[in-house]
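Have a look at run34.cif below; it lists mmCIF, C-alpha atoms and all ligand atoms.
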data_run
loop_
_atom_site.label_atom_id
_atom_site.label_comp_id
_atom_site.auth_asym_id
_atom_site.auth_seq_id
_atom_site.Cartn_x
_atom_site.Cartn_y
_atom_site.Cartn_z
CA MET A 1 -13.33 -56.50 17.73
CA ARG A 2 -15.17 -59.01 19.93
CA LYS A 3 -14.48 -58.51 23.61
CA ILE A 4 -12.83 -61.21 25.69
CA ILE A 5 -12.43 -62.14 29.37
CA ILE A 6 -8.95 -61.60 30.82
CA ALA A 7 -8.24 -63.48 34.07
CA ILE A 8 -5.23 -62.35 36.12
CA ASP A 9 -4.35 -64.59 39.05
CA GLY A 10 -1.34 -64.91 41.31
CA TYR A 11 0.14 -64.29 44.73
CA SER A 12 -0.56 -61.17 46.83
CA ALA A 13 1.40 -58.03 45.90
CA CYS A 14 2.68 -59.21 42.50
CA GLY A 15 1.07 -56.21 40.83
CA LYS A 16 -2.15 -57.96 39.81
CA SER A 17 -4.50 -55.09 40.62
CA THR A 18 -2.34 -52.38 39.07
CA THR A 19 -1.80 -54.44 35.92
CA ALA A 20 -5.47 -55.39 35.64
CA ARG A 21 -6.62 -51.79 36.17
CA GLU A 22 -4.26 -50.40 33.54
CA VAL A 23 -5.04 -53.13 31.00
CA ALA A 24 -8.78 -52.48 31.49
CA ARG A 25 -8.23 -48.75 31.02
CA GLU A 26 -6.23 -49.23 27.79
CA LEU A 27 -8.71 -51.69 26.30
CA ASN A 28 -11.77 -49.82 27.60
CA TYR A 29 -12.80 -52.91 29.53
CA ARG A 30 -14.41 -53.22 32.96
CA TYR A 31 -12.02 -53.95 35.83
CA ILE A 32 -13.14 -56.18 38.71
CA ASP A 33 -10.87 -56.51 41.76
CA THR A 34 -12.15 -59.74 43.37
CA GLY A 35 -9.66 -59.42 46.27
CA ALA A 36 -11.50 -56.20 47.18
CA MET A 37 -14.74 -58.20 47.38
CA TYR A 38 -13.23 -60.68 49.87
CA ARG A 39 -11.76 -57.75 51.79
CA ALA A 40 -15.18 -56.04 51.97
CA VAL A 41 -16.74 -59.26 53.30
CA THR A 42 -13.95 -59.45 55.90
CA LEU A 43 -14.58 -55.85 56.98
CA HIS A 44 -18.29 -56.59 57.45
CA PHE A 45 -17.62 -59.83 59.36
CA LEU A 46 -15.12 -58.14 61.70
CA ASP A 47 -17.38 -55.16 62.35
CA LYS A 48 -20.38 -57.42 63.04
CA HIS A 49 -18.33 -59.95 65.05
CA VAL A 50 -19.48 -62.83 62.84
CA ALA A 51 -18.32 -66.22 64.13
CA LEU A 52 -16.37 -67.61 61.16
CA THR A 53 -16.90 -71.22 62.29
CA ASN A 54 -20.70 -70.88 62.36
CA PRO A 55 -22.05 -71.48 58.81
CA LYS A 56 -25.55 -70.19 59.72
CA GLU A 57 -24.16 -66.92 61.03
CA VAL A 58 -21.89 -66.62 57.98
CA THR A 59 -24.80 -67.23 55.58
CA ARG A 60 -26.98 -64.67 57.39
CA ALA A 61 -24.21 -62.08 57.34
CA LEU A 62 -23.57 -62.68 53.62
CA GLN A 63 -27.23 -61.89 52.90
CA GLU A 64 -26.74 -58.45 54.47
CA ILE A 65 -23.87 -57.58 52.14
CA ARG A 66 -24.09 -55.62 48.88
CA ILE A 67 -20.75 -55.00 47.15
CA SER A 68 -20.42 -52.67 44.20
CA PHE A 69 -17.71 -50.81 42.33
CA VAL A 70 -17.98 -47.14 41.39
CA VAL A 71 -15.55 -45.36 39.08
CA ASN A 72 -14.34 -42.10 40.71
CA SER A 73 -13.50 -38.78 39.03
CA LYS A 74 -9.91 -39.98 38.40
CA GLY A 75 -11.23 -43.01 36.54
CA ASN A 76 -10.33 -45.45 39.34
CA SER A 77 -12.73 -48.10 40.57
CA GLU A 78 -13.63 -47.87 44.28
CA THR A 79 -15.27 -50.52 46.43
CA PHE A 80 -18.60 -49.86 48.13
CA LEU A 81 -20.09 -51.98 50.90
CA ASN A 82 -23.82 -51.45 51.42
CA GLY A 83 -23.55 -48.05 49.73
CA ILE A 84 -20.54 -46.87 51.77
CA ASN A 85 -17.12 -46.25 50.21
CA VAL A 86 -14.78 -48.73 51.96
CA GLU A 87 -11.86 -48.48 49.52
CA LYS A 88 -9.46 -47.17 52.21
CA ALA A 89 -10.74 -49.30 55.08
CA ILE A 90 -10.34 -52.61 53.21
CA ARG A 91 -6.62 -51.99 52.50
CA LYS A 92 -5.67 -51.75 56.21
CA MET A 93 -3.46 -54.41 57.83
CA ARG A 94 -6.39 -55.42 60.10
CA ILE A 95 -8.18 -56.66 57.00
CA SER A 96 -5.05 -58.23 55.41
CA GLU A 97 -4.54 -60.21 58.60
CA ASN A 98 -8.01 -61.76 58.47
CA VAL A 99 -8.96 -61.94 54.79
CA SER A 100 -7.39 -65.33 54.04
CA GLN A 101 -9.41 -67.00 56.80
CA VAL A 102 -12.63 -65.38 55.56
CA SER A 103 -11.98 -66.17 51.90
CA ALA A 104 -11.37 -69.85 52.74
CA ILE A 105 -15.00 -70.24 53.90
CA ARG A 106 -17.09 -72.22 51.41
CA GLU A 107 -20.26 -70.09 51.77
CA VAL A 108 -18.25 -66.91 51.18
CA ARG A 109 -16.68 -68.31 48.00
CA VAL A 110 -20.00 -69.53 46.58
CA ALA A 111 -21.58 -66.09 47.09
CA MET A 112 -18.63 -64.16 45.63
CA VAL A 113 -18.08 -66.45 42.62
CA GLU A 114 -21.77 -66.14 41.70
CA GLN A 115 -21.54 -62.35 41.82
CA GLN A 116 -18.25 -62.33 39.85
CA ARG A 117 -19.73 -64.49 37.08
CA ARG A 118 -22.68 -62.11 36.82
CA MET A 119 -20.32 -59.12 36.59
CA GLY A 120 -18.29 -60.71 33.79
CA LYS A 121 -21.02 -62.36 31.77
CA ASP A 122 -21.08 -59.74 29.01
CA CYS A 123 -17.28 -60.07 28.51
CA GLY A 124 -14.99 -57.10 28.03
CA VAL A 125 -13.73 -57.60 31.57
CA VAL A 126 -10.36 -57.84 33.31
CA MET A 127 -10.75 -59.70 36.59
CA ASP A 128 -7.95 -60.27 39.07
CA GLY A 129 -7.81 -62.70 41.98
CA ARG A 130 -6.73 -66.21 42.93
CA ASP A 131 -9.23 -68.51 41.21
CA ILE A 132 -10.42 -66.55 38.19
CA GLY A 133 -8.76 -68.76 35.57
CA THR A 134 -9.46 -72.00 37.43
CA VAL A 135 -12.97 -71.56 38.90
CA VAL A 136 -14.73 -68.29 38.08
CA PHE A 137 -13.99 -68.23 34.34
CA PRO A 138 -12.27 -71.50 33.39
CA HIS A 139 -13.04 -70.65 29.73
CA ALA A 140 -11.52 -67.15 29.84
CA GLU A 141 -9.80 -66.40 26.53
CA LEU A 142 -6.67 -65.08 28.24
CA LYS A 143 -5.31 -66.28 31.59
CA ILE A 144 -2.27 -64.73 33.25
CA PHE A 145 -0.52 -65.98 36.39
CA LEU A 146 1.78 -63.49 38.15
CA THR A 147 4.62 -64.34 40.53
CA ALA A 148 7.47 -62.33 42.10
CA ASP A 149 10.17 -62.62 44.71
CA ILE A 150 8.75 -62.29 48.25
CA LEU A 151 10.93 -59.32 49.26
CA VAL A 152 10.10 -57.40 46.12
CA ARG A 153 6.41 -58.05 46.82
CA ALA A 154 6.79 -56.90 50.43
CA PHE A 155 8.51 -53.62 49.45
CA ARG A 156 5.82 -52.94 46.85
CA ARG A 157 3.08 -53.54 49.45
CA GLN A 158 4.89 -51.35 52.00
CA LYS A 159 5.01 -48.49 49.47
CA GLU A 160 1.28 -48.90 48.79
CA LEU A 161 0.49 -48.83 52.51
CA LEU A 162 2.69 -45.76 53.03
CA GLU A 163 0.82 -43.95 50.27
CA ARG A 164 -2.25 -44.53 52.46
CA ASP A 165 -0.41 -43.22 55.58
CA ASP A 166 -0.11 -46.72 57.01
CA LEU A 167 3.49 -47.35 58.15
CA VAL A 168 4.09 -51.10 58.57
CA ASP A 169 7.55 -52.65 59.03
CA ILE A 170 8.87 -54.94 56.30
CA ASP A 171 9.07 -58.06 58.51
CA THR A 172 5.39 -57.79 59.41
CA ILE A 173 4.50 -57.51 55.73
CA VAL A 174 6.71 -60.47 54.70
CA GLU A 175 5.12 -62.56 57.44
CA ASN A 176 1.61 -61.56 56.38
CA LEU A 177 2.32 -62.33 52.70
CA GLN A 178 3.85 -65.73 53.54
CA GLN A 179 0.94 -66.59 55.82
CA ARG A 180 -1.58 -65.62 53.14
CA ASP A 181 0.31 -67.52 50.40
CA LEU A 182 0.18 -70.59 52.63
CA ILE A 183 -3.54 -70.35 53.44
CA ASP A 184 -4.55 -69.28 49.91
CA SER A 185 -2.59 -72.16 48.31
CA ASN A 186 -3.64 -74.89 50.71
CA ARG A 187 -7.30 -74.22 51.44
CA ALA A 188 -9.86 -76.88 50.45
CA GLU A 189 -12.06 -74.45 48.49
CA SER A 190 -10.58 -73.19 45.19
CA PRO A 191 -6.93 -73.02 46.29
CA LEU A 192 -4.61 -70.61 44.51
CA ARG A 193 -2.98 -72.42 41.62
CA LYS A 194 -1.93 -71.66 38.08
CA ALA A 195 -4.47 -72.87 35.50
CA GLU A 196 -2.85 -75.27 33.02
CA ASP A 197 -3.47 -72.88 30.14
CA ALA A 198 -2.39 -69.73 32.04
CA ILE A 199 0.66 -67.77 30.90
CA GLY A 200 3.11 -67.21 33.76
CA ILE A 201 4.83 -63.84 34.16
CA ASP A 202 7.53 -63.31 36.81
CA THR A 203 7.32 -59.62 37.74
CA THR A 204 10.42 -59.48 39.97
CA HIS A 205 12.59 -57.59 37.51
CA ILE A 206 10.04 -55.86 35.28
CA THR A 207 8.17 -52.59 35.67
CA ILE A 208 4.42 -52.18 35.83
CA GLU A 209 4.52 -50.59 32.34
CA GLU A 210 6.27 -53.69 30.96
CA GLN A 211 3.73 -55.96 32.68
CA VAL A 212 0.83 -54.00 31.25
CA ASP A 213 2.34 -53.93 27.74
CA GLU A 214 2.90 -57.67 27.81
CA VAL A 215 -0.69 -58.45 28.88
CA ILE A 216 -2.09 -56.09 26.22
CA ARG A 217 0.11 -57.70 23.57
CA LEU A 218 -1.19 -61.15 24.60
CA ALA A 219 -4.80 -59.88 24.65
CA MET A 220 -4.44 -58.42 21.14
CA THR A 221 -3.05 -61.74 19.89
CA LYS A 222 -6.09 -63.55 21.34
CA MET A 223 -8.52 -61.03 19.86
CA ILE A 224 -6.91 -61.23 16.41
CA ALA A 225 -6.89 -65.05 16.55
CA ARG A 226 -10.65 -64.96 17.17
CA ILE A 227 -11.26 -62.89 14.03
CA GLY A 228 -8.94 -64.92 11.82
O1 LIG A 301 -5.64 -59.56 46.01
P1 LIG A 301 -5.76 -59.22 47.50
O2 LIG A 301 -4.48 -59.31 48.26
O3 LIG A 301 -6.49 -57.94 47.74
O4 LIG A 301 -6.72 -60.40 48.07
C1 LIG A 301 -7.06 -60.48 49.43
C2 LIG A 301 -7.33 -61.92 49.81
O5 LIG A 301 -8.53 -62.38 49.20
C3 LIG A 301 -6.25 -62.94 49.46
O6 LIG A 301 -5.38 -63.20 50.55
C4 LIG A 301 -7.01 -64.18 49.08
C5 LIG A 301 -8.41 -63.74 48.83
N1 LIG A 301 -8.86 -63.89 47.45
C6 LIG A 301 -9.37 -65.11 47.08
O7 LIG A 301 -9.39 -66.04 47.86
N2 LIG A 301 -9.89 -65.27 45.83
C7 LIG A 301 -9.87 -64.26 44.94
N3 LIG A 301 -10.40 -64.45 43.73
C8 LIG A 301 -9.32 -63.02 45.31
C9 LIG A 301 -8.80 -62.85 46.57
#
Mind turning the file's structure into structure tokens?
Ligand code: DC
Amino acid sequence: MRKIIIAIDGYSACGKSTTAREVARELNYRYIDTGAMYRAVTLHFLDKHVALTNPKEVTRALQEIRISFVVNSKGNSETFLNGINVEKAIRKMRISENVSQVSAIREVRVAMVEQQRRMGKDCGVVMDGRDIGTVVFPHAELKIFLTADILVRAFRRQKELLERDDLVDIDTIVENLQQRDLIDSNRAESPLRKAEDAIGIDTTHITIEEQVDEVIRLAMTKMIARIG
């Protein structure tokens, strides 16, 4: 069966990454977490004290960055920044609090989108983010847009952080999610929005398994339609 591109966009903590990872595993596709790429850039910029308002400094810093994904022994993809595993470091609140500002910078988006297109050019990829169906792969065969109630999202994110020994109170998480929704949806460069041909799924009352099954069902329909 010919492989397709599956774009999964939506708000933070709607289960995009978990869904995308599981769908990729089931279909034997490559999974690309584009949020992790913006988080890795943010980590580098914070560590190097890059002035976000100085385009020359930003461009120079971007040239120093090499992001890659390596599949670990459990079959999960981990993010590497200049050869160092940063998977844990990029999930910290320090990064969540700064990533929307960094990902709104034009130079950052141009560099990441170029890399994402290269990663997905051979198809057979599930990519999750904010602008995959609108900007990175506007011709993706299947586009999904996930939403969920803000409190449900916050509790899911809190659980994820706890699993990484990071205890953050629910109000702080709600505030961070709302702040990021606002910046991500209103920035000038590739704002978060549902592509016209994307299929919306509200994940408030469904389980991850149901989300994954639904996306696989939709992917199969697309693949069969391409043969027929
Ligand atoms: O999916 P996430 O929460 O790990 O993403 C972190 C941030 O990166 C998010 O607040 C917005 C930004 N992002 C983006 O602008 N474009 C993408 N394709 C993916 C993420």
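Taking CA of Arg193 (chain A) as the reference point, CA of Met37 (chain A) is found at 19.3 Å.
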Checklist entry - If you measure from CA of Leu182 (chain A) to CA of Met127 (chain A), what distance in Å do you get, rounded to one decimal? => result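 Value for the CA of Leu182 (chain A)-CA of Met127 (chain A) distance: 22.3 Å.
All residues, whether protein, DNA or RNA, that have an atom at most 7 Å from ligand LIG 301 (chain A) (counting all atoms listed in the file) are A:Ser12, A:Ala13, A:Thr34, A:Gly35, A:Ala36, A:Tyr38, A:Arg39, A:Ser96, A:Val99, A:Ser100, A:Ser103, A:Ala104, A:Asp128, A:Gly129, A:Arg130, A:Asp131, A:Ile132, A:Arg180, A:Asp184.
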Item to check | Interatomic distance, CA of Asn186 (chain A) to CA of Ile32 (chain A) (Å, one decimal) | outcome: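 Separation between CA of Asn186 (chain A) and CA of Ile32 (chain A): 24.2 Å.
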Item to check | Selection as a PyMOL selection string: residues within 12 Å of (-20.9, -67.3, 57.1), counting only C-alpha atoms | outcome: chain A and resi 41-42+44-46+48-65+101-111
Item to check | Radius query 10 Å about (-5.6, -67.9, 40.5), atoms used: only C-alpha atoms, as a list in words | outcome: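 Residues with an atom at most 10 Å from (-5.6, -67.9, 40.5): Ala7, Ile8, Asp9, Gly10, Tyr11, Asp128, Gly129, Arg130, Asp131, Ile132, Gly133, Thr134, Val135, Val136, Lys143, Ile144, Phe145, Leu146, Asp184, Ser185, Ser190, Pro191, Leu192, Arg193, Lys194, Ala195 and Ala198 of chain A.
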Start from the incomplete input, build N, CA, C and O atoms for region 75-91 of chain A, and deliver everything as a CSV table (one decimal), in the frame of the given file.
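Dumped everything to part_18.csv:
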chain,number,residue,atom,x,y,z
A,75,GLY,N,-11.1,-41.8,37.4
A,75,GLY,CA,-11.2,-43.0,36.5
A,75,GLY,C,-10.9,-44.3,37.2
A,75,GLY,O,-10.8,-45.4,36.6
A,76,ASN,N,-10.7,-44.2,38.6
A,76,ASN,CA,-10.3,-45.4,39.3
A,76,ASN,C,-11.6,-46.1,40.0
A,76,ASN,O,-12.4,-45.3,40.5
A,77,SER,N,-11.6,-47.4,40.0
A,77,SER,CA,-12.7,-48.1,40.6
A,77,SER,C,-12.6,-48.2,42.1
A,77,SER,O,-11.5,-48.5,42.6
A,78,GLU,N,-13.7,-47.8,42.8
A,78,GLU,CA,-13.6,-47.9,44.3
A,78,GLU,C,-14.7,-48.8,44.8
A,78,GLU,O,-15.8,-49.0,44.2
A,79,THR,N,-14.4,-49.5,45.9
A,79,THR,CA,-15.3,-50.5,46.4
A,79,THR,C,-16.3,-49.9,47.4
A,79,THR,O,-15.9,-49.2,48.3
A,80,PHE,N,-17.5,-50.3,47.2
A,80,PHE,CA,-18.6,-49.9,48.1
A,80,PHE,C,-19.2,-51.1,48.8
A,80,PHE,O,-19.5,-52.1,48.2
A,81,LEU,N,-19.4,-50.9,50.1
A,81,LEU,CA,-20.1,-52.0,50.9
A,81,LEU,C,-21.4,-51.4,51.4
A,81,LEU,O,-21.3,-50.4,52.2
A,82,ASN,N,-22.5,-52.0,51.0
A,82,ASN,CA,-23.8,-51.4,51.4
A,82,ASN,C,-23.9,-49.9,51.2
A,82,ASN,O,-24.3,-49.2,52.1
A,83,GLY,N,-23.4,-49.5,50.1
A,83,GLY,CA,-23.6,-48.0,49.7
A,83,GLY,C,-22.5,-47.1,50.3
A,83,GLY,O,-22.5,-45.9,50.1
A,84,ILE,N,-21.6,-47.7,51.1
A,84,ILE,CA,-20.5,-46.9,51.8
A,84,ILE,C,-19.2,-47.2,51.1
A,84,ILE,O,-18.8,-48.3,50.9
A,85,ASN,N,-18.4,-46.1,50.8
A,85,ASN,CA,-17.1,-46.2,50.2
A,85,ASN,C,-16.1,-46.8,51.2
A,85,ASN,O,-15.8,-46.2,52.2
A,86,VAL,N,-15.7,-48.1,51.0
A,86,VAL,CA,-14.8,-48.7,52.0
A,86,VAL,C,-13.4,-48.9,51.4
A,86,VAL,O,-12.6,-49.7,51.9
A,87,GLU,N,-13.1,-48.2,50.3
A,87,GLU,CA,-11.9,-48.5,49.5
A,87,GLU,C,-10.6,-48.4,50.4
A,87,GLU,O,-9.7,-49.2,50.4
A,88,LYS,N,-10.6,-47.4,51.3
A,88,LYS,CA,-9.5,-47.2,52.2
A,88,LYS,C,-9.5,-48.2,53.3
A,88,LYS,O,-8.4,-48.8,53.6
A,89,ALA,N,-10.6,-48.4,53.9
A,89,ALA,CA,-10.7,-49.3,55.1
A,89,ALA,C,-10.3,-50.7,54.8
A,89,ALA,O,-9.7,-51.4,55.6
A,90,ILE,N,-10.6,-51.2,53.5
A,90,ILE,CA,-10.3,-52.6,53.2
A,90,ILE,C,-8.9,-52.9,52.9
A,90,ILE,O,-8.4,-54.0,52.8
A,91,ARG,N,-8.1,-51.8,52.8
A,91,ARG,CA,-6.6,-52.0,52.5
A,91,ARG,C,-5.8,-52.0,53.8
A,91,ARG,O,-4.6,-52.2,53.7
